[in-house]
Amino acid sequence: MSELDLHVPAGDVYGLIGPNGAGKSSAVRLLLKLTRPDCGAVEIVESNTGVTRNILENVGYLPENPYLYDHLSLFELLCFAASVAGLSQDVAEPRISFLSEKLGIAHALRRRLKTFSKGMRQRAGFCFALLHDPDLVVLDEPMSGLDPLGRKMVCELIAELKGQGKTVFFCSHILSDVERLCDRVAILHRGRIVRQFDADDLIGFRDGTRNLENEFVTAVGGVS
């Protein structure tokens with residue numbers, strides 16, 4: 001990463017796109033302090049106050065390949081997540097029921113995670129990330145491993161989170177999803193932001209007057 005500066009307004013859906021190896025997952029891990037920078041510092045600053053915040057207190061994170069404890073059932077995993085988040089049983093159990101129904105895996109709550117398909121593990125990861133009702137949701141390739149119905153469900157879920165006033169930051173290589181869901185988009189290439197698009201730009205992509213794929217190729221291909 002080199003002087004990565006992202007402006008993500010509260011309540012927006014922000015998309016970070018880029019070619020394989022651009023540094024998208026690395027950027028997410030740095031922001032969430034899962035990786036230490038070789039030099040410099042990582043700060044999350046409120047634009048209206050200039051105050052540096054610890055976003056880890058209220059963030060939900062879904063990695064591209066979520067690690068789940070295979071020997072646990074989904075219910076046991078989510079009870080563990082609730083305990084770590086400080087949720088009482090009275091709060092946690094209705095939340096587990098709601099999310100597992102919403103994500104279409106309520107029937108598998110008592111099954112061991114080692115029996116889950118990749119798509120089911122992705123849905124389980126969503127439940128884990130959203131259990132404590134975070135204000136900021138960070139998703140790394142959230143459509144990974146999902147069939148068309150699963151992708152539709154995730155798109156609807158992201159739109160619903162936005163409707164609840166949540167901030168969603170996600171990395172993806174599926175440009176059609178980015179066009180449809182995002183309020184702002186940045187292209188990352190070789191650890192640097194090479195283009196950013198605001199809401200007006202995205203209107204052009206949606207109505208066909210501009211083409212995100214063409215602009216992506218131009219931005220990435222034009223950087224040496």
# chains A, B, ... in the order shown; residues from 1 in each chain; ligands from 1
$ closest_atom_pairs --of "region 103-163 of chain A" --to "region 78-98 of chain A" --cutoff "12 Å" --atoms "only C-alpha atoms" --output "CSV"
residue,atom,partner,partner_atom,distance
A:Leu103,CA,A:Phe98,CA,8.7
A:Gly104,CA,A:Phe98,CA,10.0
A:Ile105,CA,A:Ser97,CA,9.7
A:Ala106,CA,A:Ser97,CA,7.0
A:His107,CA,A:Ser97,CA,10.3
A:Ala108,CA,A:Ser97,CA,11.3
A:Leu109,CA,A:Ser97,CA,9.0
A:Arg110,CA,A:Leu78,CA,11.1
A:Leu113,CA,A:Leu78,CA,11.4
A:Ala124,CA,A:Leu78,CA,8.7
A:Gly125,CA,A:Leu78,CA,9.6
A:Phe126,CA,A:Leu78,CA,10.7
A:Cys127,CA,A:Ile96,CA,7.5
A:Phe128,CA,A:Leu78,CA,6.1
A:Ala129,CA,A:Ala81,CA,8.8
A:Leu130,CA,A:Arg95,CA,9.2
A:Leu131,CA,A:Arg95,CA,6.5
A:His132,CA,A:Ala85,CA,6.5
A:Asp133,CA,A:Arg95,CA,8.9
A:Pro134,CA,A:Ala85,CA,10.4
$ select_by_dssp --residues "region 103-139 of chain A" --states "strand (DSSP E or B)" --output "list in words"
Arg112, Leu136, Val137, Val138 and Leu139 of chain A
$ atom_distance --atom1 "CA of Arg112 (chain A)" --atom2 "CA of Gly150 (chain A)"
20.6 Å
$ select_by_dssp --residues "region 34-218 of chain A" --states "helix (DSSP H, G or I)" --output "PyMOL selection string"
chain A and resi 55-58+74-84+89-102+106-108+113-115+118-130+148-163+175-181+199-207+212-218
$ atom_distance --atom1 "CA of Cys39 (chain A)" --atom2 "CA of Gly60 (chain A)"
26.1 Å
$ residues_around --residues "Val168 (chain A)" --least-positions-apart "5" --cutoff "12 Å" --atoms "only C-alpha atoms" --output "ChimeraX atom specification"
/A:8-16,59-62,129-130,134-140,142,155,157-163,178,181-185
$ closest_residue --among "A:Leu72, A:Phe216, A:Leu188, A:Asn58" --to "Leu32 (chain A)" --atoms "only C-alpha atoms"
A:Asn58
$ atom_distance --atom1 "CA of Gly21 (chain A)" --atom2 "CA of Pro37 (chain A)"
17.1 Å
$ residues_around --residues "Arg206 (chain A)" --least-positions-apart "5" --cutoff "12 Å" --atoms "only C-alpha atoms" --output "list of chain:residue names"
A:Leu175, A:Ser176, A:Asp177, A:Val178, A:Glu179, A:Arg180, A:Leu181, A:Cys182, A:Asp183, A:Ala199, A:Asp200, A:Asp201, A:Asn211, A:Leu212, A:Glu213
